[in-house]
$ cat data-v1.cif   # mmCIF, C-alpha atoms
data_structure
#
loop_
_atom_site.label_atom_id
_atom_site.label_comp_id
_atom_site.auth_asym_id
_atom_site.auth_seq_id
_atom_site.Cartn_x
_atom_site.Cartn_y
_atom_site.Cartn_z
CA MET A 284 0.00 0.00 0.00
CA PRO A 285 1.53 3.36 -0.99
CA ALA A 286 2.54 5.46 2.01
CA ASP A 287 0.33 8.55 2.11
CA THR A 288 2.10 9.96 5.21
CA PRO A 289 5.77 10.06 6.26
CA GLN A 290 4.85 7.85 9.21
CA ALA A 291 3.36 5.24 6.91
CA ALA A 292 6.61 5.28 4.90
CA GLU A 293 8.58 4.83 8.11
CA ASP A 294 6.37 1.97 9.30
CA ALA A 295 6.75 0.26 5.92
CA PHE A 296 10.53 0.60 6.11
CA TYR A 297 10.87 -0.89 9.59
CA ASP A 298 8.30 -3.61 8.87
CA ALA A 299 10.41 -4.59 5.87
CA LEU A 300 13.56 -4.67 8.01
CA GLU A 301 11.81 -6.93 10.52
CA ALA A 302 10.60 -9.19 7.74
CA GLY A 303 14.04 -9.26 6.14
CA ASN A 304 12.24 -8.55 2.86
CA LEU A 305 14.56 -6.80 0.42
CA ASP A 306 11.88 -5.92 -2.17
CA GLN A 307 9.74 -4.41 0.57
CA VAL A 308 12.73 -2.40 1.87
CA MET A 309 13.44 -1.02 -1.58
CA ALA A 310 9.74 -0.15 -2.09
CA ALA A 311 10.01 2.13 0.96
CA TRP A 312 12.84 4.08 -0.71
CA ASP A 313 12.31 6.88 -3.22
CA ALA A 314 12.71 5.90 -6.88
CA GLY A 315 15.29 8.64 -7.47
CA ASP A 316 18.95 7.88 -7.63
CA ASP A 317 19.79 10.65 -5.12
CA ILE A 318 19.00 8.40 -2.14
CA ALA A 319 21.71 7.54 0.38
CA CYS A 320 22.11 5.19 3.33
CA LEU A 321 24.73 5.15 6.09
CA LEU A 322 24.57 2.06 8.29
CA PRO A 323 26.88 1.85 11.33
CA MET A 324 30.57 1.50 10.40
CA GLN A 325 29.88 1.07 6.72
CA GLU A 326 30.77 3.21 3.73
CA ILE A 327 28.03 5.49 2.46
CA ALA A 328 25.72 3.79 -0.05
CA ARG A 329 24.61 6.21 -2.78
CA GLY A 330 21.86 5.45 -5.27
CA ARG A 331 19.34 2.62 -5.43
CA LYS A 332 21.76 -0.07 -6.54
CA ALA A 333 24.21 0.58 -3.69
CA VAL A 334 21.42 0.93 -1.12
CA GLN A 335 19.89 -2.37 -2.25
CA GLU A 336 23.29 -4.10 -1.99
CA THR A 337 23.71 -2.72 1.55
CA PHE A 338 20.45 -4.28 2.74
CA ARG A 339 21.06 -7.49 0.80
CA ARG A 340 24.31 -7.96 2.74
CA LEU A 341 22.63 -6.98 6.01
CA PHE A 342 19.90 -9.59 5.58
CA GLN A 343 22.45 -12.17 4.43
CA GLY A 344 24.29 -11.70 7.73
CA MET A 345 21.36 -11.24 10.05
CA GLY A 346 18.07 -12.16 8.35
CA GLY A 347 15.13 -10.07 9.55
CA LEU A 348 15.92 -7.62 12.34
CA ASP A 349 14.21 -7.55 15.73
CA ILE A 350 14.12 -3.80 16.08
CA GLN A 351 12.39 -1.39 18.48
CA VAL A 352 11.88 2.19 17.33
CA ASN A 353 11.21 5.23 19.54
CA HIS A 354 10.54 8.64 18.06
CA LEU A 355 12.74 11.46 19.31
CA HIS A 356 12.14 14.33 16.89
CA TRP A 357 10.32 15.23 13.71
CA ALA A 358 9.95 18.15 11.36
CA LEU A 359 7.67 18.55 8.35
CA TRP A 360 7.65 21.18 5.63
CA ALA A 361 6.46 21.24 2.00
CA ASP A 362 7.50 17.91 0.42
CA THR A 363 9.95 16.95 3.17
CA ALA A 364 9.70 15.13 6.48
CA LEU A 365 12.58 14.53 8.83
CA HIS A 366 12.41 12.00 11.66
CA VAL A 367 15.02 11.23 14.31
CA VAL A 368 14.43 7.91 16.05
CA GLU A 369 16.19 5.71 18.54
CA GLU A 370 16.59 2.13 17.33
CA ARG A 371 17.23 -0.82 19.60
CA LEU A 372 18.20 -4.04 17.91
CA THR A 373 17.81 -7.36 19.68
CA GLY A 374 20.66 -9.69 18.77
CA PRO A 375 20.40 -13.38 17.79
CA ASP A 376 21.13 -14.22 21.45
CA ASP A 377 18.00 -12.23 22.46
CA ARG A 378 20.15 -9.66 24.21
CA PRO A 379 19.17 -6.05 23.49
CA GLY A 380 21.88 -4.12 21.67
CA PRO A 381 22.93 -0.56 22.43
CA ALA A 382 20.67 2.29 21.38
CA VAL A 383 21.40 3.75 17.97
CA TYR A 384 20.17 7.08 16.62
CA ALA A 385 18.75 7.14 13.13
CA VAL A 386 17.83 10.07 10.93
CA ASN A 387 15.23 9.32 8.29
CA VAL A 388 14.44 11.90 5.63
CA TYR A 389 11.29 11.43 3.52
CA ARG A 390 10.25 13.08 0.26
CA ARG A 391 6.74 13.43 -1.12
CA ARG A 392 6.02 12.87 -4.81
CA GLY A 393 2.37 13.56 -5.52
CA ASP A 394 0.67 12.12 -2.45
CA ILE A 395 3.20 9.39 -1.75
CA TRP A 396 6.11 9.54 0.70
CA HIS A 397 9.36 7.63 0.38
CA LEU A 398 12.66 7.43 2.22
CA VAL A 399 15.51 9.52 0.75
CA LEU A 400 18.12 9.20 3.49
CA HIS A 401 18.75 6.84 6.39
CA GLN A 402 21.72 7.46 8.67
CA ASN A 403 22.66 5.65 11.86
CA ALA A 404 24.88 6.96 14.62
CA PRO A 405 25.70 5.57 18.07
CA ALA A 406 23.65 7.06 20.88
CA PRO A 407 25.53 8.10 24.03
CA PRO A 408 25.83 5.44 26.73
CA PRO A 409 23.51 5.70 29.75
CA ALA A 410 24.50 8.22 32.41
CA GLY A 411 27.21 6.88 34.68
CA VAL A 412 28.79 4.60 32.11
CA LEU A 413 31.34 7.23 31.15
CA GLN A 414 33.46 8.57 33.98
CA PRO A 415 32.48 12.03 35.18
CA GLY A 416 34.41 14.62 33.25
CA THR A 417 34.97 12.37 30.25
CA PRO A 418 34.89 14.79 27.32
CA PRO A 419 32.47 13.98 24.53
CA ARG A 420 34.37 12.51 21.62
CA MET B 140 25.51 37.72 4.42
CA PRO B 141 22.31 35.65 4.03
CA ALA B 142 22.93 32.28 2.41
CA ASP B 143 21.22 32.23 -0.98
CA THR B 144 22.29 28.63 -1.70
CA PRO B 145 22.52 25.51 0.48
CA GLN B 146 26.28 25.52 -0.10
CA ALA B 147 26.55 29.09 1.19
CA ALA B 148 24.66 28.01 4.33
CA GLU B 149 27.04 25.09 4.75
CA ASP B 150 30.12 27.26 4.27
CA ALA B 151 28.77 29.74 6.84
CA PHE B 152 28.20 26.93 9.34
CA TYR B 153 31.69 25.44 9.05
CA ASP B 154 33.33 28.88 8.99
CA ALA B 155 31.53 29.62 12.26
CA LEU B 156 32.74 26.32 13.75
CA GLU B 157 36.32 27.17 12.76
CA ALA B 158 35.98 30.65 14.25
CA GLY B 159 34.41 29.27 17.42
CA ASN B 160 31.77 31.98 16.99
CA LEU B 161 28.51 30.94 18.67
CA ASP B 162 26.38 33.77 17.24
CA GLN B 163 27.63 32.95 13.76
CA VAL B 164 26.85 29.25 14.29
CA MET B 165 23.31 30.06 15.39
CA ALA B 166 22.84 32.42 12.42
CA ALA B 167 23.48 29.44 10.13
CA TRP B 168 20.59 27.53 11.75
CA ASP B 169 16.95 27.95 10.78
CA ALA B 170 14.91 30.22 13.06
CA GLY B 171 12.29 27.50 13.62
CA ASP B 172 12.22 25.46 16.78
CA ASP B 173 12.08 22.18 14.84
CA ILE B 174 15.86 22.11 14.35
CA ALA B 175 17.93 19.28 15.81
CA CYS B 176 21.59 18.47 16.26
CA LEU B 177 23.30 15.18 17.10
CA LEU B 178 27.00 15.52 17.85
CA PRO B 179 29.07 12.35 18.46
CA MET B 180 28.16 10.56 21.69
CA GLN B 181 25.86 13.30 22.90
CA GLU B 182 22.13 13.34 23.53
CA ILE B 183 20.01 14.82 20.75
CA ALA B 184 19.63 18.61 21.01
CA ARG B 185 16.14 19.74 19.91
CA GLY B 186 15.20 23.37 19.33
CA ARG B 187 17.31 26.51 19.15
CA LYS B 188 18.02 26.77 22.87
CA ALA B 189 19.33 23.22 23.16
CA VAL B 190 21.33 23.49 19.91
CA GLN B 191 22.93 26.73 21.10
CA GLU B 192 23.85 25.12 24.44
CA THR B 193 25.44 22.19 22.57
CA PHE B 194 27.76 24.45 20.61
CA ARG B 195 28.45 26.67 23.63
CA ARG B 196 29.75 23.61 25.49
CA LEU B 197 31.68 22.43 22.43
CA PHE B 198 33.48 25.77 22.09
CA GLN B 199 34.07 25.92 25.84
CA GLY B 200 35.90 22.61 25.63
CA MET B 201 37.66 23.06 22.30
CA GLY B 202 37.46 26.67 21.09
CA GLY B 203 37.30 26.97 17.32
CA LEU B 204 37.59 23.71 15.41
CA ASP B 205 40.21 22.92 12.79
CA ILE B 206 37.96 20.98 10.48
CA GLN B 207 38.30 19.65 6.93
CA VAL B 208 35.11 18.92 4.99
CA ASN B 209 34.75 16.68 1.94
CA HIS B 210 31.46 16.35 0.12
CA LEU B 211 30.18 12.81 -0.37
CA HIS B 212 26.57 13.20 -1.46
CA TRP B 213 23.87 15.78 -2.05
CA ALA B 214 20.24 15.96 -3.02
CA LEU B 215 18.07 18.98 -3.71
CA TRP B 216 14.32 19.27 -4.15
CA ALA B 217 11.79 22.08 -3.61
CA ASP B 218 12.76 23.85 -0.36
CA THR B 219 15.11 21.13 0.88
CA ALA B 220 18.77 20.32 0.41
CA LEU B 221 20.52 17.34 1.90
CA HIS B 222 24.30 17.06 2.10
CA VAL B 223 26.41 14.19 3.38
CA VAL B 224 29.99 15.19 4.13
CA GLU B 225 33.06 13.65 5.68
CA GLU B 226 34.54 15.79 8.45
CA ARG B 227 38.13 15.49 9.69
CA LEU B 228 38.95 17.33 12.88
CA THR B 229 42.52 18.18 13.74
CA GLY B 230 43.06 17.89 17.49
CA PRO B 231 44.87 20.36 19.75
CA ASP B 232 48.00 18.23 19.29
CA ASP B 233 47.80 18.81 15.52
CA ARG B 234 47.05 15.15 14.94
CA PRO B 235 44.21 14.51 12.50
CA GLY B 236 41.25 12.76 14.10
CA PRO B 237 39.26 9.92 12.57
CA ALA B 238 36.86 10.69 9.74
CA VAL B 239 33.31 11.41 10.80
CA TYR B 240 30.25 11.42 8.56
CA ALA B 241 27.84 14.32 8.87
CA VAL B 242 24.38 14.74 7.41
CA ASN B 243 23.31 18.35 6.99
CA VAL B 244 19.73 19.15 6.00
CA TYR B 245 18.91 22.67 4.80
CA ARG B 246 15.55 24.41 4.41
CA ARG B 247 14.76 27.39 2.20
CA ARG B 248 12.54 30.21 3.44
CA GLY B 249 12.02 32.76 0.69
CA ASP B 250 15.45 32.87 -0.95
CA ILE B 251 17.47 32.08 2.16
CA TRP B 252 18.79 28.67 3.21
CA HIS B 253 19.43 27.57 6.79
CA LEU B 254 20.48 24.40 8.57
CA VAL B 255 17.64 22.30 10.04
CA LEU B 256 19.53 19.15 11.04
CA HIS B 257 23.14 18.23 11.68
CA GLN B 258 24.00 14.65 12.60
CA ASN B 259 27.42 13.09 13.04
CA ALA B 260 28.27 9.41 12.83
CA PRO B 261 31.61 7.58 12.85
CA ALA B 262 32.91 6.68 9.41
CA PRO B 263 34.25 3.16 8.95
CA PRO B 264 37.97 2.71 9.57
CA PRO B 265 40.26 2.48 6.53
CA ALA B 266 40.41 -0.88 4.77
CA GLY B 267 42.66 -3.33 6.55
CA VAL B 268 42.16 -1.89 10.01
CA LEU B 269 39.40 -4.36 10.75
CA GLN B 270 40.31 -8.02 10.39
CA PRO B 271 39.02 -9.67 7.26
CA GLY B 272 35.62 -11.15 7.91
CA THR B 273 34.83 -8.81 10.77
CA PRO B 274 31.09 -8.29 10.44
CA PRO B 275 29.86 -4.70 10.25
CA ARG B 276 28.43 -3.71 13.60
#
$ encode --input "data-v1.cif" --output "structure tokens"
Amino acid sequence: MPADTPQAAEDAFYDALEAGNLDQVMAAWDAGDDIACLLPMQEIARGRKAVQETFRRLFQGMGGLDIQVNHLHWALWADTALHVVEERLTGPDDRPGPAVYAVNVYRRRGDIWHLVLHQNAPAPPPAGVLQPGTPPR
Amino acid sequence: MPADTPQAAEDAFYDALEAGNLDQVMAAWDAGDDIACLLPMQEIARGRKAVQETFRRLFQGMGGLDIQVNHLHWALWADTALHVVEERLTGPDDRPGPAVYAVNVYRRRGDIWHLVLHQNAPAPPPAGVLQPGTPPR
């Protein structure tokens, strides 16, 4: 079902990640070749072919992802929506992984929204894990 | 000088970081309160007040930044521009730091472009630093 809101596009993207369904993942992305994806500790993937290869490798290694998403921030103007979420991935051993920030940028074409950029970054560790006075890196 | 292109907004932002000039940094950001900034290993800063506090603390710790920026990717549609860059920070000891990815999202109001989102994430280490077969994290 085409995503008629940015949130529907986001839900479709994460549902596809959970299902480990590559076609479904790529359907959530914009058809333009100006899309880009930065997964943790990987080179930037630019364009549909590179983005598809990124998720193909991810699913090859991990299958579908058990992923929890919490919304932290959003902005919406004209044909653009910008969401910042916190992702928590549960590993194959059922142990929850560290929190990861993700920025998702969506673009509207006509009435339909698609993902244009996905970038992950580590979230800071919980308070107390770093020693007091440890400078941010 | 108001930034009449996304690139001018980006140049103004990084010039302000190099100068350690907080007012100049904030002038590069959009006036809306839907802006957000994620610096490495820090909590998300949402809104102008929190973003300003983030850069105030950064300058307090480091002063102006010696920062090299390489463009990796850009997209432009309607009132939105999206840039992915690689940042390299030179430390106080003159040693270059590791590469960091940054996503910068710009919004146009009238003819003027401002920053709406800045997010940093670690770039992968150079080839050969990780052992062969090390899975991406």
$ resolve_selection --input "data-v1.cif" --expression "the PyMOL selection byres ((chain A) within 6 of (chain B))" --output "ChimeraX atom specification"
/A:317,324-325,358,404,406-407
$ resolve_selection --input "data-v1.cif" --expression "the PyMOL selection byres ((chain B and resi 162) around 12)" --output "PDB file with C-alpha atoms, in the frame of the given file"
ATOM      1  CA  ALA B 151      28.770  29.740   6.840  1.00  0.00           C
ATOM      2  CA  PHE B 152      28.200  26.930   9.340  1.00  0.00           C
ATOM      3  CA  ASP B 154      33.330  28.880   8.990  1.00  0.00           C
ATOM      4  CA  ALA B 155      31.530  29.620  12.260  1.00  0.00           C
ATOM      5  CA  LEU B 156      32.740  26.320  13.750  1.00  0.00           C
ATOM      6  CA  ALA B 158      35.980  30.650  14.250  1.00  0.00           C
ATOM      7  CA  GLY B 159      34.410  29.270  17.420  1.00  0.00           C
ATOM      8  CA  ASN B 160      31.770  31.980  16.990  1.00  0.00           C
ATOM      9  CA  LEU B 161      28.510  30.940  18.670  1.00  0.00           C
ATOM     10  CA  GLN B 163      27.630  32.950  13.760  1.00  0.00           C
ATOM     11  CA  VAL B 164      26.850  29.250  14.290  1.00  0.00           C
ATOM     12  CA  MET B 165      23.310  30.060  15.390  1.00  0.00           C
ATOM     13  CA  ALA B 166      22.840  32.420  12.420  1.00  0.00           C
ATOM     14  CA  ALA B 167      23.480  29.440  10.130  1.00  0.00           C
ATOM     15  CA  TRP B 168      20.590  27.530  11.750  1.00  0.00           C
ATOM     16  CA  ARG B 187      17.310  26.510  19.150  1.00  0.00           C
ATOM     17  CA  VAL B 190      21.330  23.490  19.910  1.00  0.00           C
ATOM     18  CA  GLN B 191      22.930  26.730  21.100  1.00  0.00           C
ATOM     19  CA  GLU B 192      23.850  25.120  24.440  1.00  0.00           C
ATOM     20  CA  PHE B 194      27.760  24.450  20.610  1.00  0.00           C
ATOM     21  CA  ARG B 195      28.450  26.670  23.630  1.00  0.00           C
ATOM     22  CA  PHE B 198      33.480  25.770  22.090  1.00  0.00           C
TER      23      PHE B 198
END
$ atom_distance --input "data-v1.cif" --atom1 "atom CA of B:Ala147" --atom2 "atom CA of B:His253"
9.2 Å
$ atom_distance --input "data-v1.cif" --atom1 "atom CA of B:Val208" --atom2 "atom CA of B:Asp232"
19.3 Å
$ atom_distance --input "data-v1.cif" --atom1 "atom CA of B:Asp169" --atom2 "atom CA of B:Asp150"
14.7 Å
$ closest_residue --input "data-v1.cif" --among "A:Ala286, A:Leu348, A:Ala292, A:Ala382" --to "A:His366" --atoms "all atoms listed in the file"
A:Ala292
$ resolve_selection --input "data-v1.cif" --expression "the PyMOL selection byres ((chain B and resi 228) around 8)" --output "list of chain:residue names"
B:Leu204, B:Asp205, B:Ile206, B:Gln207, B:Glu226, B:Arg227, B:Thr229, B:Gly230, B:Pro235, B:Gly236, B:Pro237, B:Ala238
$ closest_residue --input "data-v1.cif" --among "B:Lys188, B:Thr193, B:Gly202, B:Thr144" --to "B:Pro231" --atoms "all atoms listed in the file"
B:Gly202
$ build_atoms --input "data-v1.cif" --residues "stretch 241-252 of chain B" --atoms "all heavy atoms" --output "PDB file, keeping the file's coordinate frame"
ATOM      1  N   ALA B 241      28.881  13.401   8.397  1.00  0.00           N
ATOM      2  CA  ALA B 241      27.840  14.320   8.870  1.00  0.00           C
ATOM      3  C   ALA B 241      26.763  14.442   7.811  1.00  0.00           C
ATOM      4  O   ALA B 241      27.056  14.525   6.614  1.00  0.00           O
ATOM      5  CB  ALA B 241      28.412  15.688   9.183  1.00  0.00           C
ATOM      6  N   VAL B 242      25.524  14.424   8.268  1.00  0.00           N
ATOM      7  CA  VAL B 242      24.380  14.740   7.410  1.00  0.00           C
ATOM      8  C   VAL B 242      23.913  16.138   7.774  1.00  0.00           C
ATOM      9  O   VAL B 242      23.688  16.428   8.950  1.00  0.00           O
ATOM     10  CB  VAL B 242      23.236  13.731   7.620  1.00  0.00           C
ATOM     11  CG1 VAL B 242      21.940  14.255   7.019  1.00  0.00           C
ATOM     12  CG2 VAL B 242      23.594  12.392   7.002  1.00  0.00           C
ATOM     13  N   ASN B 243      23.821  16.996   6.797  1.00  0.00           N
ATOM     14  CA  ASN B 243      23.310  18.350   6.990  1.00  0.00           C
ATOM     15  C   ASN B 243      22.070  18.523   6.118  1.00  0.00           C
ATOM     16  O   ASN B 243      22.132  18.323   4.904  1.00  0.00           O
ATOM     17  CB  ASN B 243      24.357  19.399   6.584  1.00  0.00           C
ATOM     18  CG  ASN B 243      25.581  19.356   7.485  1.00  0.00           C
ATOM     19  OD1 ASN B 243      25.458  19.208   8.694  1.00  0.00           O
ATOM     20  ND2 ASN B 243      26.765  19.477   6.894  1.00  0.00           N
ATOM     21  N   VAL B 244      20.953  18.887   6.743  1.00  0.00           N
ATOM     22  CA  VAL B 244      19.730  19.150   6.000  1.00  0.00           C
ATOM     23  C   VAL B 244      19.431  20.642   6.073  1.00  0.00           C
ATOM     24  O   VAL B 244      19.477  21.237   7.160  1.00  0.00           O
ATOM     25  CB  VAL B 244      18.533  18.340   6.560  1.00  0.00           C
ATOM     26  CG1 VAL B 244      17.271  18.607   5.744  1.00  0.00           C
ATOM     27  CG2 VAL B 244      18.854  16.843   6.567  1.00  0.00           C
ATOM     28  N   TYR B 245      19.164  21.235   4.912  1.00  0.00           N
ATOM     29  CA  TYR B 245      18.910  22.670   4.800  1.00  0.00           C
ATOM     30  C   TYR B 245      17.486  22.919   4.327  1.00  0.00           C
ATOM     31  O   TYR B 245      16.942  22.130   3.547  1.00  0.00           O
ATOM     32  CB  TYR B 245      19.891  23.316   3.815  1.00  0.00           C
ATOM     33  CG  TYR B 245      21.325  23.113   4.223  1.00  0.00           C
ATOM     34  CD1 TYR B 245      22.052  22.011   3.762  1.00  0.00           C
ATOM     35  CD2 TYR B 245      21.936  23.975   5.115  1.00  0.00           C
ATOM     36  CE1 TYR B 245      23.357  21.798   4.161  1.00  0.00           C
ATOM     37  CE2 TYR B 245      23.239  23.777   5.517  1.00  0.00           C
ATOM     38  CZ  TYR B 245      23.949  22.682   5.044  1.00  0.00           C
ATOM     39  OH  TYR B 245      25.240  22.469   5.460  1.00  0.00           O
ATOM     40  N   ARG B 246      16.910  24.029   4.806  1.00  0.00           N
ATOM     41  CA  ARG B 246      15.550  24.410   4.410  1.00  0.00           C
ATOM     42  C   ARG B 246      15.580  25.832   3.857  1.00  0.00           C
ATOM     43  O   ARG B 246      16.252  26.695   4.412  1.00  0.00           O
ATOM     44  CB  ARG B 246      14.633  24.334   5.621  1.00  0.00           C
ATOM     45  CG  ARG B 246      13.208  24.819   5.361  1.00  0.00           C
ATOM     46  CD  ARG B 246      12.259  24.372   6.459  1.00  0.00           C
ATOM     47  NE  ARG B 246      12.612  24.874   7.772  1.00  0.00           N
ATOM     48  CZ  ARG B 246      12.142  24.375   8.909  1.00  0.00           C
ATOM     49  NH1 ARG B 246      11.313  23.340   8.889  1.00  0.00           N
ATOM     50  NH2 ARG B 246      12.489  24.880  10.054  1.00  0.00           N
ATOM     51  N   ARG B 247      14.859  26.063   2.782  1.00  0.00           N
ATOM     52  CA  ARG B 247      14.760  27.390   2.200  1.00  0.00           C
ATOM     53  C   ARG B 247      13.514  28.099   2.711  1.00  0.00           C
ATOM     54  O   ARG B 247      12.427  27.510   2.740  1.00  0.00           O
ATOM     55  CB  ARG B 247      14.699  27.311   0.665  1.00  0.00           C
ATOM     56  CG  ARG B 247      14.688  28.689   0.008  1.00  0.00           C
ATOM     57  CD  ARG B 247      14.788  28.591  -1.492  1.00  0.00           C
ATOM     58  NE  ARG B 247      13.680  27.818  -2.039  1.00  0.00           N
ATOM     59  CZ  ARG B 247      13.527  27.554  -3.313  1.00  0.00           C
ATOM     60  NH1 ARG B 247      14.416  27.952  -4.191  1.00  0.00           N
ATOM     61  NH2 ARG B 247      12.489  26.863  -3.723  1.00  0.00           N
ATOM     62  N   ARG B 248      13.691  29.323   3.159  1.00  0.00           N
ATOM     63  CA  ARG B 248      12.540  30.210   3.440  1.00  0.00           C
ATOM     64  C   ARG B 248      12.754  31.429   2.561  1.00  0.00           C
ATOM     65  O   ARG B 248      13.747  32.133   2.726  1.00  0.00           O
ATOM     66  CB  ARG B 248      12.531  30.645   4.901  1.00  0.00           C
ATOM     67  CG  ARG B 248      12.274  29.515   5.899  1.00  0.00           C
ATOM     68  CD  ARG B 248      12.269  30.116   7.292  1.00  0.00           C
ATOM     69  NE  ARG B 248      12.262  29.132   8.357  1.00  0.00           N
ATOM     70  CZ  ARG B 248      11.159  28.668   8.951  1.00  0.00           C
ATOM     71  NH1 ARG B 248       9.975  29.080   8.557  1.00  0.00           N
ATOM     72  NH2 ARG B 248      11.259  27.792   9.945  1.00  0.00           N
ATOM     73  N   GLY B 249      11.802  31.704   1.668  1.00  0.00           N
ATOM     74  CA  GLY B 249      12.020  32.760   0.690  1.00  0.00           C
ATOM     75  C   GLY B 249      13.223  32.362  -0.155  1.00  0.00           C
ATOM     76  O   GLY B 249      13.235  31.289  -0.750  1.00  0.00           O
ATOM     77  N   ASP B 250      14.250  33.199  -0.172  1.00  0.00           N
ATOM     78  CA  ASP B 250      15.450  32.870  -0.950  1.00  0.00           C
ATOM     79  C   ASP B 250      16.609  32.433  -0.070  1.00  0.00           C
ATOM     80  O   ASP B 250      17.724  32.256  -0.564  1.00  0.00           O
ATOM     81  CB  ASP B 250      15.912  34.102  -1.765  1.00  0.00           C
ATOM     82  CG  ASP B 250      14.913  34.423  -2.866  1.00  0.00           C
ATOM     83  OD1 ASP B 250      14.275  33.478  -3.371  1.00  0.00           O
ATOM     84  OD2 ASP B 250      14.767  35.614  -3.197  1.00  0.00           O
ATOM     85  N   ILE B 251      16.363  32.298   1.227  1.00  0.00           N
ATOM     86  CA  ILE B 251      17.470  32.080   2.160  1.00  0.00           C
ATOM     87  C   ILE B 251      17.448  30.654   2.715  1.00  0.00           C
ATOM     88  O   ILE B 251      16.404  30.132   3.103  1.00  0.00           O
ATOM     89  CB  ILE B 251      17.398  33.097   3.324  1.00  0.00           C
ATOM     90  CG1 ILE B 251      17.235  34.517   2.786  1.00  0.00           C
ATOM     91  CG2 ILE B 251      18.636  32.995   4.207  1.00  0.00           C
ATOM     92  CD1 ILE B 251      18.352  34.948   1.854  1.00  0.00           C
ATOM     93  N   TRP B 252      18.641  30.047   2.741  1.00  0.00           N
ATOM     94  CA  TRP B 252      18.790  28.670   3.210  1.00  0.00           C
ATOM     95  C   TRP B 252      19.415  28.638   4.603  1.00  0.00           C
ATOM     96  O   TRP B 252      20.360  29.377   4.877  1.00  0.00           O
ATOM     97  CB  TRP B 252      19.687  27.880   2.255  1.00  0.00           C
ATOM     98  CG  TRP B 252      19.064  27.644   0.918  1.00  0.00           C
ATOM     99  CD1 TRP B 252      19.066  28.495  -0.140  1.00  0.00           C
ATOM    100  CD2 TRP B 252      18.346  26.478   0.493  1.00  0.00           C
ATOM    101  NE1 TRP B 252      18.393  27.931  -1.208  1.00  0.00           N
ATOM    102  CE2 TRP B 252      17.944  26.698  -0.843  1.00  0.00           C
ATOM    103  CE3 TRP B 252      18.006  25.268   1.111  1.00  0.00           C
ATOM    104  CZ2 TRP B 252      17.226  25.747  -1.569  1.00  0.00           C
ATOM    105  CZ3 TRP B 252      17.285  24.332   0.386  1.00  0.00           C
ATOM    106  CH2 TRP B 252      16.903  24.565  -0.937  1.00  0.00           C
TER     107      TRP B 252
END
